[in-house]
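J.: What follows is a structure written as structure tokens; I'll ask about it next.
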Amino acid sequence: MWNLDEAIVLYREAIDLFPKGHSDRSMLLNNLASCLSMRYNQLGVLEDLDVAIVLCREALHFRPTGHPLRSMALNNLAAHLSTRYKQLGVMENLSEAIVLSQEALDLRPIGHPNRPSSLNSLASCLFSRYGRLGFMEDLDKAIVLSGEALGLCPTGHPNQSMLSDNLANFLSTRYKQLGVMGDLDKAIALGREALSLCPIGNLNRPMSLTSLASHLCTRYRRLGAMEDLVEAVDLARQAVDLCQIGNPTRNSGTWRT
């Protein structure tokens with residue numbers, strides 16, 4: 001935390017040295033916003049997130065249409081607004097995040113190295129809106145976008161596990177809505193793939209364990225196959241064991257059905 005606090009102080013000082021409109025100011029604004037967002041994730045102080053959003057808006061202002069880094073500024077602001085929505089439930093934050101994510105995606109055509117990131121961001125926002133409003137078209141589009149993101153991700157890429165887990169969760173959600181067994185079976189297969197890419201020691205392993213356990217438990221309730229339930233319980237126990245008491249991910253070791 002000390003290094004993060006120091007970085008925030010130093011970035012603030014650096015920004016003060018550059019007048020508004022300077023070509024380097026927008027990058028410093030984005031960097032400071034990222035540090036504040038990280039501190040928010042650690043401490044939960046909403047002011048840090050709100051300031052990060054203000055900084056990203058200023059950075060975006062200096063990256064107008066045609067600027068080579070506009071898509072990055074759009075994606076960053078969308079991410080912070082999405083986080084704020086998840087914290088406060090303000091629908092305007094989510095709606096703006098969707099618009100910004102779509103614009104960022106439009107600026108990252110097939111072949112752009114950051115297209116998978118934009119696909120995943122927009123998919124996550126649409127999934128959040130589905131959770132709030134229940135529009136199936138949002139869920140269906142999230143699945144399509146997430147599938148494209150995973151398809152563009154090279155084998156062994158650090159984000160492959162996360163993308164597999166996201167798509168698995170979207171498909172599992174659609175199964176619960178429509179009851180199509182193929183969605184659930186694919187979710188389980190993707191969950192296994194995600195877990196295989198999260199070896200012991202990986203910070204994402206508890207979440208992957210929990211997600212796969214949840215999908216297996218859902219299938220057990222449908223088909224009654226005891227091996228699904230036994231495996232689900234074992235995976236959930238592993239997830240809990242990997243999370244120290246007080247770790248925010250510990251509560252993820254409960255069923256999500």
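Following the order of the structure tokens, chains are lettered A, B, ..., residues in each are numbered from 1, and ligands are numbered from 1.
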Using only C-alpha atoms, determine which residues lie at most 9 Å from Arg192 in chain A, disregarding the query and same-chain residues fewer than 6 positions distant; provide the list as a list in words.
T.: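 Returned residues: Ser164, Asp165, Ser208, Leu209 and Leu212 of chain A.
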J.: At a cut-off of 7 Å, using only C-alpha atoms, what residues contact range 113-129 of chain A? Leave out same-chain residues fewer than 6 positions from it and give the result as an mmCIF file with C-alpha atoms, in the first residue's frame.
T.:
data_model
loop_
_atom_site.group_PDB
_atom_site.id
_atom_site.type_symbol
_atom_site.label_atom_id
_atom_site.label_comp_id
_atom_site.auth_asym_id
_atom_site.auth_seq_id
_atom_site.Cartn_x
_atom_site.Cartn_y
_atom_site.Cartn_z
ATOM 1 C CA ASN A 75 -12.030 1.634 -22.180
ATOM 2 C CA SER A 82 -18.859 -0.153 -14.525
ATOM 3 C CA LEU A 94 -23.764 1.379 -16.514
ATOM 4 C CA ILE A 98 -21.921 0.460 -22.405
ATOM 5 C CA SER A 101 -17.260 0.320 -24.430
ATOM 6 C CA GLN A 102 -19.060 0.077 -27.764
ATOM 7 C CA ALA A 104 -13.874 1.617 -27.920
ATOM 8 C CA LEU A 105 -14.716 -1.675 -29.624
ATOM 9 C CA ASP A 138 -28.222 -8.397 -23.690
ATOM 10 C CA LEU A 139 -27.326 -11.867 -22.433
ATOM 11 C CA ALA A 142 -22.717 -10.855 -24.134
ATOM 12 C CA LEU A 145 -18.920 -11.037 -27.679
ATOM 13 C CA SER A 146 -17.342 -13.146 -24.953
ATOM 14 C CA ALA A 149 -12.908 -12.507 -27.218
ATOM 15 C CA LEU A 152 -9.062 -14.235 -30.361
ATOM 16 C CA CYS A 153 -7.073 -14.975 -27.214
#
J.: Which residues, written as number ranges by chain, have at least one atom at most 12 Å from Asn30 in chain A, with only C-alpha atoms counted and residues fewer than 2 positions away on the same chain left out?
T.: A: 8, 11-12, 15, 24-28, 32-37, 51-63, 69-70, 72-77, 80
J.: Keeping only C-alpha atoms, write those residues as a PDB file, in the first residue's frame.
T.:
ATOM      1  CA  ILE A   8      -0.435   8.572  -6.258  1.00  0.00           C
ATOM      2  CA  TYR A  11       1.571  11.326 -10.191  1.00  0.00           C
ATOM      3  CA  ARG A  12      -0.319  14.264  -8.684  1.00  0.00           C
ATOM      4  CA  ILE A  15       0.374  16.378 -13.391  1.00  0.00           C
ATOM      5  CA  ASP A  24       1.803  14.063 -21.885  1.00  0.00           C
ATOM      6  CA  ARG A  25      -0.880  15.173 -19.436  1.00  0.00           C
ATOM      7  CA  SER A  26      -3.557  12.716 -20.562  1.00  0.00           C
ATOM      8  CA  MET A  27      -1.265   9.725 -20.003  1.00  0.00           C
ATOM      9  CA  LEU A  28      -0.424  10.912 -16.489  1.00  0.00           C
ATOM     10  CA  LEU A  32      -3.146   8.364 -11.669  1.00  0.00           C
ATOM     11  CA  ALA A  33      -6.693   7.140 -12.266  1.00  0.00           C
ATOM     12  CA  SER A  34      -5.414   3.557 -12.468  1.00  0.00           C
ATOM     13  CA  CYS A  35      -3.567   3.921  -9.160  1.00  0.00           C
ATOM     14  CA  LEU A  36      -6.632   5.389  -7.457  1.00  0.00           C
ATOM     15  CA  SER A  37      -8.756   2.571  -8.857  1.00  0.00           C
ATOM     16  CA  VAL A  51     -11.714  10.926  -8.566  1.00  0.00           C
ATOM     17  CA  ALA A  52     -10.482   8.247 -10.993  1.00  0.00           C
ATOM     18  CA  ILE A  53     -13.615   8.800 -13.087  1.00  0.00           C
ATOM     19  CA  VAL A  54     -13.092  12.573 -13.125  1.00  0.00           C
ATOM     20  CA  LEU A  55      -9.471  12.104 -14.195  1.00  0.00           C
ATOM     21  CA  CYS A  56     -10.444   9.692 -16.973  1.00  0.00           C
ATOM     22  CA  ARG A  57     -13.023  12.141 -18.275  1.00  0.00           C
ATOM     23  CA  GLU A  58     -10.343  14.814 -18.508  1.00  0.00           C
ATOM     24  CA  ALA A  59      -7.948  12.403 -20.205  1.00  0.00           C
ATOM     25  CA  LEU A  60     -10.640  11.449 -22.733  1.00  0.00           C
ATOM     26  CA  HIS A  61     -11.280  15.122 -23.480  1.00  0.00           C
ATOM     27  CA  PHE A  62      -7.688  15.429 -24.691  1.00  0.00           C
ATOM     28  CA  ARG A  63      -8.005  12.323 -26.871  1.00  0.00           C
ATOM     29  CA  LEU A  69      -5.080   6.422 -27.847  1.00  0.00           C
ATOM     30  CA  ARG A  70      -8.765   7.325 -27.735  1.00  0.00           C
ATOM     31  CA  MET A  72      -7.720   3.179 -24.408  1.00  0.00           C
ATOM     32  CA  ALA A  73      -9.172   6.272 -22.731  1.00  0.00           C
ATOM     33  CA  LEU A  74     -12.696   5.103 -23.560  1.00  0.00           C
ATOM     34  CA  ASN A  75     -12.030   1.634 -22.180  1.00  0.00           C
ATOM     35  CA  ASN A  76     -10.517   2.976 -18.954  1.00  0.00           C
ATOM     36  CA  LEU A  77     -13.412   5.327 -18.245  1.00  0.00           C
ATOM     37  CA  HIS A  80     -14.349   2.703 -13.751  1.00  0.00           C
TER      38      HIS A  80
END
J.: Which residue, A:Asp50, A:Thr83, A:Leu107, A:Lys141, has the smallest gap to Pro68 in chain A when you use only C-alpha atoms?
T.: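 Closest residue, counting only C-alpha atoms: A:Leu107.
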J.: When you look at Ile188 in chain A with a cut-off of 12 Å (counting only C-alpha atoms), what residues show up, excluding the ones that are within fewer than 5 positions of it in the same chain? I need them as number ranges by chain.
T.: A: 164-172, 175, 181-183, 193-195, 208-220, 228, 231-232
J.: Those selected residues, please, written with C-alpha atoms and delivered as a CSV table (one decimal), in the first residue's frame.
T.:
chain,number,residue,atom,x,y,z
A,164,SER,CA,-13.1,-18.8,-20.3
A,165,ASP,CA,-14.7,-18.3,-16.8
A,166,ASN,CA,-16.7,-15.3,-18.0
A,167,LEU,CA,-18.1,-17.1,-21.0
A,168,ALA,CA,-18.9,-20.1,-18.8
A,169,ASN,CA,-20.8,-17.9,-16.3
A,170,PHE,CA,-22.8,-16.3,-19.1
A,171,LEU,CA,-23.7,-19.6,-20.6
A,172,SER,CA,-24.7,-21.0,-17.2
A,175,TYR,CA,-29.1,-22.2,-19.1
A,181,MET,CA,-28.6,-28.4,-21.6
A,182,GLY,CA,-25.9,-27.6,-24.2
A,183,ASP,CA,-25.3,-24.2,-22.6
A,193,GLU,CA,-10.4,-25.2,-19.1
A,194,ALA,CA,-10.3,-22.0,-17.0
A,195,LEU,CA,-9.3,-24.0,-13.9
A,208,SER,CA,-12.4,-20.7,-11.0
A,209,LEU,CA,-12.9,-23.5,-8.4
A,210,THR,CA,-16.1,-21.8,-7.2
A,211,SER,CA,-17.5,-21.2,-10.6
A,212,LEU,CA,-16.9,-24.8,-11.8
A,213,ALA,CA,-18.4,-26.1,-8.6
A,214,SER,CA,-21.5,-24.0,-9.1
A,215,HIS,CA,-21.9,-25.3,-12.7
A,216,LEU,CA,-21.6,-28.9,-11.6
A,217,CYS,CA,-24.0,-28.4,-8.8
A,218,THR,CA,-26.5,-26.9,-11.3
A,219,ARG,CA,-26.1,-30.0,-13.5
A,220,TYR,CA,-26.6,-32.3,-10.5
A,228,ASP,CA,-21.2,-34.1,-10.3
A,231,GLU,CA,-16.8,-33.1,-7.5
A,232,ALA,CA,-18.6,-29.8,-6.8
J.: Could you go through range 153-212 of chain A and tell me which residues DSSP, when run on the backbone, assigns to alpha helix (DSSP H), listing them as a PyMOL selection string?
T.: chain A and resi 160-178+181-196+205-212
J.: Quick one: residues within 12 Å of Ile200 in chain A, only C-alpha atoms counted, chain neighbours fewer than 2 positions away excluded, as number ranges by chain?
T.: A: 195-198, 202-206, 208-209, 238-239, 241-243
J.: Just to confirm, what's the straight-line distance from CA of Met207 in chain A to CA of Ala79 in chain A in Å (one decimal)?
T.: 20.2 Å
J.: For a test of reading the model, state the distance in Å between CA of Ser23 in chain A and CA of Asp48 in chain A, rounded to one decimal.
T.: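 Interatomic distance, CA of Ser23 in chain A to CA of Asp48 in chain A: 24.6 Å.
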J.: Can you measure CA of Met91 in chain A to CA of Phe135 in chain A for me? One decimal in Å is fine.
T.: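 So the two atoms, CA of Met91 in chain A and CA of Phe135 in chain A, lie 14.6 Å apart.
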